[in-house]
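**Q** The structure is given below, and queries will be raised subsequently.
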Amino acid sequence: MVLRKLCVGGLRQAVLGIAALLAIAAIPPSARAEEPSVKIDNFTFNPPTLTIAAGTTVTWKNEDDIPHTVASTTKAFKSKALDTDDSYTFTFTTPGVYEYFCSLHPHMTGKIVVEAKTGSN
Amino acid sequence: MTSEHDNHDPSRRKVLECMTWAGTGVLWTIAGGVPTAMGIIDQAIAAEAKGLTFLQISDSHVGFDKPANPNALGTLEEAIGRVKALPVKPAFMIHTGDITHLSKPKEFDDADQMISQARLDVHYVPGEHDILDEEVKLYRERYGRGAMGAGWYSFDANGVHFIGLVNVTNLKAGGLGNLGDEQLAWLEADLKGRTASTPIVVFAHIPLWVVYRDWGWGTEDGGRALDMLKRFGSVTVLNGHIHQVMQKVEGNVTFHTAQSTAFPQPVPGTAPSPGPMKVADDKLRTLLGITNVTFKQGEQRLAIVDQPLQS
């Protein structure tokens, strides 16, 4: 039992390792510096809350069959209507909590938490 | 079978607060706002109707090309074919919004070209898909002439007062459809001085009552509009947006939503989201359709008949 478990675990790790390598290879060099993104799918923003450091650019991508928008509740930012596979980016320079929603389907809500940059990091 | 005084019996009213889902032809006969008959029917009812007959189409989503229906313009054409084949020519048509999928000029052009083949006057209200340009310019230029605000208005036909409302603009985060103070003030003024016996038909894109809050299927301040309509003996509220037939009766108010001519959406709570529902190809046309409404003069009766593209 123990042996079998180890084997399965080892195999899983190996698969994950290969997948990770493939994933890295597939990302263009410019995107490697971890660009946070929000997926729009099934009439939801995913993740619903995203925490980032000031100065970070966030990309929203619509993967639904229906157009959506990304609209700040304080009008700090607003995308055009995003059709399937369309993206929208916004760079958050000032720390704070930014609530947003889809202006077409307002029950869809999300939040970006922008934290101050931590000195040397 | 059902006598007039039942209108005022609160216990009966309570019983009638029901909701029905139906995919095939459903007939409502309404006396003083309360249904006296309900059942599956065919086109024969429309043929014997005397008085005002009008048609509702909704959610044509011209430009939609996803798996749930790769040819929304094609099914709109079939719907218009159904309109042309009606045994009694309707007096006019109302379109309860989402004419286009992405508010593109070509989508509006294609929709116009197709719908005009019915050779009927069409009274429109916008859906959220028709106002994707921020200023609502494209919609207003085509359909909003003479209308107020983002496109609300009223008119009279055969003694029935029709009110087209807009509940898809200035939506608030976390909320539902929205009429807004300006439109509600206009509605109050529009209804003022009208006798309670005037039959009222209200049409708007998103249901005026809350069908399903989790999916945003309702109008936040719809209750304020309905309060103003309470004193009228016969009120019919026609909506779209949810791409399925749903009916409800509350007091003298009958609520009805129409099928789409483009794609079906799931029954509330039966899917992770309200997105377009992919069904078997041979089933699609049973879930799309048009709605025929008849008002029989003198009897204060309204009959609502949903007709799928394929039964």
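If you're wondering about the labels, chains in the structure tokens are A, B, ... by order shown, residues count from 1 in each chain, ligands from 1 in order shown.
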Restrict the calculation to only C-alpha atoms, then for each residue of chain A with any atom at most 7 Å from an atom of chain B give the closest atom pair and their distance in Å to one decimal, rows by chain and rising residue number, as CSV.

**A**
residue,atom,partner,partner_atom,distance
A:Asn42,CA,B:Ser273,CA,5.1
A:Phe43,CA,B:Ser273,CA,6.0
A:Asp65,CA,B:Lys66,CA,6.6
A:Ile66,CA,B:Gly275,CA,6.9
A:Thr73,CA,B:Ala173,CA,6.6
A:Ala81,CA,B:Leu132,CA,6.2
A:Phe101,CA,B:Ala173,CA,5.5
A:Ser103,CA,B:Leu171,CA,6.1
A:Leu104,CA,B:Glu128,CA,6.0
A:His105,CA,B:Gly216,CA,6.8
A:Pro106,CA,B:Ala173,CA,4.9
A:His107,CA,B:Gly174,CA,4.3
A:Met108,CA,B:Gly174,CA,6.6
A:Thr109,CA,B:Gly174,CA,6.4

**Q** Store the residues of this selection in a file with C-alpha atoms, as an mmCIF file, in the first residue's frame.

**A**
data_model
loop_
_atom_site.group_PDB
_atom_site.id
_atom_site.type_symbol
_atom_site.label_atom_id
_atom_site.label_comp_id
_atom_site.auth_asym_id
_atom_site.auth_seq_id
_atom_site.Cartn_x
_atom_site.Cartn_y
_atom_site.Cartn_z
ATOM 1 C CA ASN A 42 -20.329 31.513 -16.364
ATOM 2 C CA PHE A 43 -21.381 35.092 -15.520
ATOM 3 C CA ASP A 65 -20.734 33.187 -24.972
ATOM 4 C CA ILE A 66 -22.270 36.506 -23.925
ATOM 5 C CA THR A 73 -18.335 51.244 -9.161
ATOM 6 C CA ALA A 81 -18.320 45.500 -24.117
ATOM 7 C CA PHE A 101 -19.172 44.915 -11.834
ATOM 8 C CA SER A 103 -22.662 47.001 -16.336
ATOM 9 C CA LEU A 104 -24.783 44.654 -18.480
ATOM 10 C CA HIS A 105 -25.295 41.981 -15.804
ATOM 11 C CA PRO A 106 -24.858 43.916 -12.555
ATOM 12 C CA HIS A 107 -25.209 40.845 -10.342
ATOM 13 C CA MET A 108 -21.672 40.028 -11.514
ATOM 14 C CA THR A 109 -19.273 41.746 -9.103
#

**Q** Atom CA of Met228 of chain B and atom CA of His241 of chain B are how many Å apart?

**A**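 That distance, rounded to one decimal, is 23.2 Å.
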
**Q** To one decimal place, how far is atom CA of Gly164 of chain B from atom CA of Ser72 of chain A in Å?

**A**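 Between atom CA of Gly164 of chain B and atom CA of Ser72 of chain A the gap works out to 29.7 Å.
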
**Q** Would you mind listing what lies within 6 Å of Ser37 of chain A as a list in words, with only C-alpha atoms counted and same-chain residues fewer than 3 positions away left out?

**A**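 Counting only the stated atoms, we get Val58, Thr59 and Trp60 of chain A.
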
**Q** Name all residues at most 7 Å from Val70 of chain A (count only C-alpha atoms; drop same-chain ones fewer than 6 positions away) and give them as number ranges by chain.

**A** A: 78-79, 100-102

**Q** Would you export the selected residues with C-alpha atoms as a PDB file, in the first residue's frame, please?

**A**
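And here is the file that came out, result-v7.pdb:
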ATOM      1  CA  LYS A  78     -14.544  50.877 -17.552  1.00  0.00           C
ATOM      2  CA  SER A  79     -14.048  48.512 -20.455  1.00  0.00           C
ATOM      3  CA  TYR A 100     -16.241  46.589 -10.080  1.00  0.00           C
ATOM      4  CA  PHE A 101     -19.172  44.915 -11.834  1.00  0.00           C
ATOM      5  CA  CYS A 102     -20.520  44.041 -15.264  1.00  0.00           C
TER       6      CYS A 102
END

**Q** Show me, as an NGL selection string, the residues that have an atom within 7 Å of segment 281-286 of chain B when counting only C-alpha atoms, minus same-chain residues fewer than 6 positions from it.

**A** :B and (23 or 308-311)

**Q** Restrict the selected residues to C-alpha atoms and save them as an mmCIF file, in the first residue's frame.

**A**
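Contents of the output file out_3.cif:
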data_model
loop_
_atom_site.group_PDB
_atom_site.id
_atom_site.type_symbol
_atom_site.label_atom_id
_atom_site.label_comp_id
_atom_site.auth_asym_id
_atom_site.auth_seq_id
_atom_site.Cartn_x
_atom_site.Cartn_y
_atom_site.Cartn_z
ATOM 1 C CA GLY B 23 -42.654 25.170 -23.950
ATOM 2 C CA PRO B 308 -42.892 27.902 -30.896
ATOM 3 C CA LEU B 309 -41.134 27.838 -34.272
ATOM 4 C CA GLN B 310 -41.711 24.077 -34.223
ATOM 5 C CA SER B 311 -44.141 22.226 -32.035
#

**Q** Could you give me the residues within segment 154-238 of chain B that DSSP places in alpha helix (DSSP H), as a count of residues only?

**A** 19

**Q** Could you list, as a short mmCIF file (atom, residue, chain, number, x, y, z; two decimals) with C-alpha atoms, in the first residue's frame, every residue within 8 Å of segment 290-294 of chain B, counting only C-alpha atoms and ignoring same-chain residues fewer than 2 positions away?

**A**
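Result saved to selection_37.cif:
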data_model
loop_
_atom_site.label_atom_id
_atom_site.label_comp_id
_atom_site.auth_asym_id
_atom_site.auth_seq_id
_atom_site.Cartn_x
_atom_site.Cartn_y
_atom_site.Cartn_z
CA ALA B 46 -56.42 33.64 -33.03
CA ALA B 49 -60.55 36.67 -32.20
CA GLY B 51 -60.76 43.19 -31.52
CA LEU B 52 -57.10 43.98 -31.17
CA THR B 53 -54.47 41.37 -31.94
CA PHE B 54 -50.82 42.25 -31.64
CA LEU B 55 -47.63 40.28 -31.64
CA GLN B 56 -44.62 40.14 -29.39
CA ILE B 57 -41.19 39.03 -30.52
CA SER B 58 -38.11 39.21 -28.35
CA ALA B 79 -40.13 33.60 -36.76
CA VAL B 83 -45.87 36.05 -38.32
CA ALA B 258 -41.62 35.55 -24.25
CA GLN B 259 -39.35 33.03 -25.86
CA SER B 260 -36.36 34.25 -27.80
CA THR B 261 -36.08 33.84 -31.56
CA LEU B 288 -37.81 29.49 -29.78
CA LYS B 296 -61.34 41.36 -27.13
CA ARG B 301 -60.07 40.05 -22.08
CA LEU B 302 -56.52 39.43 -23.11
CA ALA B 303 -55.42 36.13 -24.58
CA ILE B 304 -51.71 35.36 -24.74
CA VAL B 305 -50.60 32.58 -27.05
CA ASP B 306 -47.02 31.40 -27.29
CA GLN B 307 -46.17 29.83 -30.57
CA PRO B 308 -42.89 27.90 -30.90
CA LEU B 309 -41.13 27.84 -34.27
#

**Q** Got a sec: who's within 8 Å of segment 142-159 of chain B, counting only C-alpha atoms, leaving out chain neighbours fewer than 6 positions off, as a list in words?

**A**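 In the requested form, the answer reads Gly51, Leu52, Tyr124, Val125, Pro126, Val136, Leu165, Val166, Thr169, Gln183, Asp190, Thr198, Pro199 and Gln297 of chain B.
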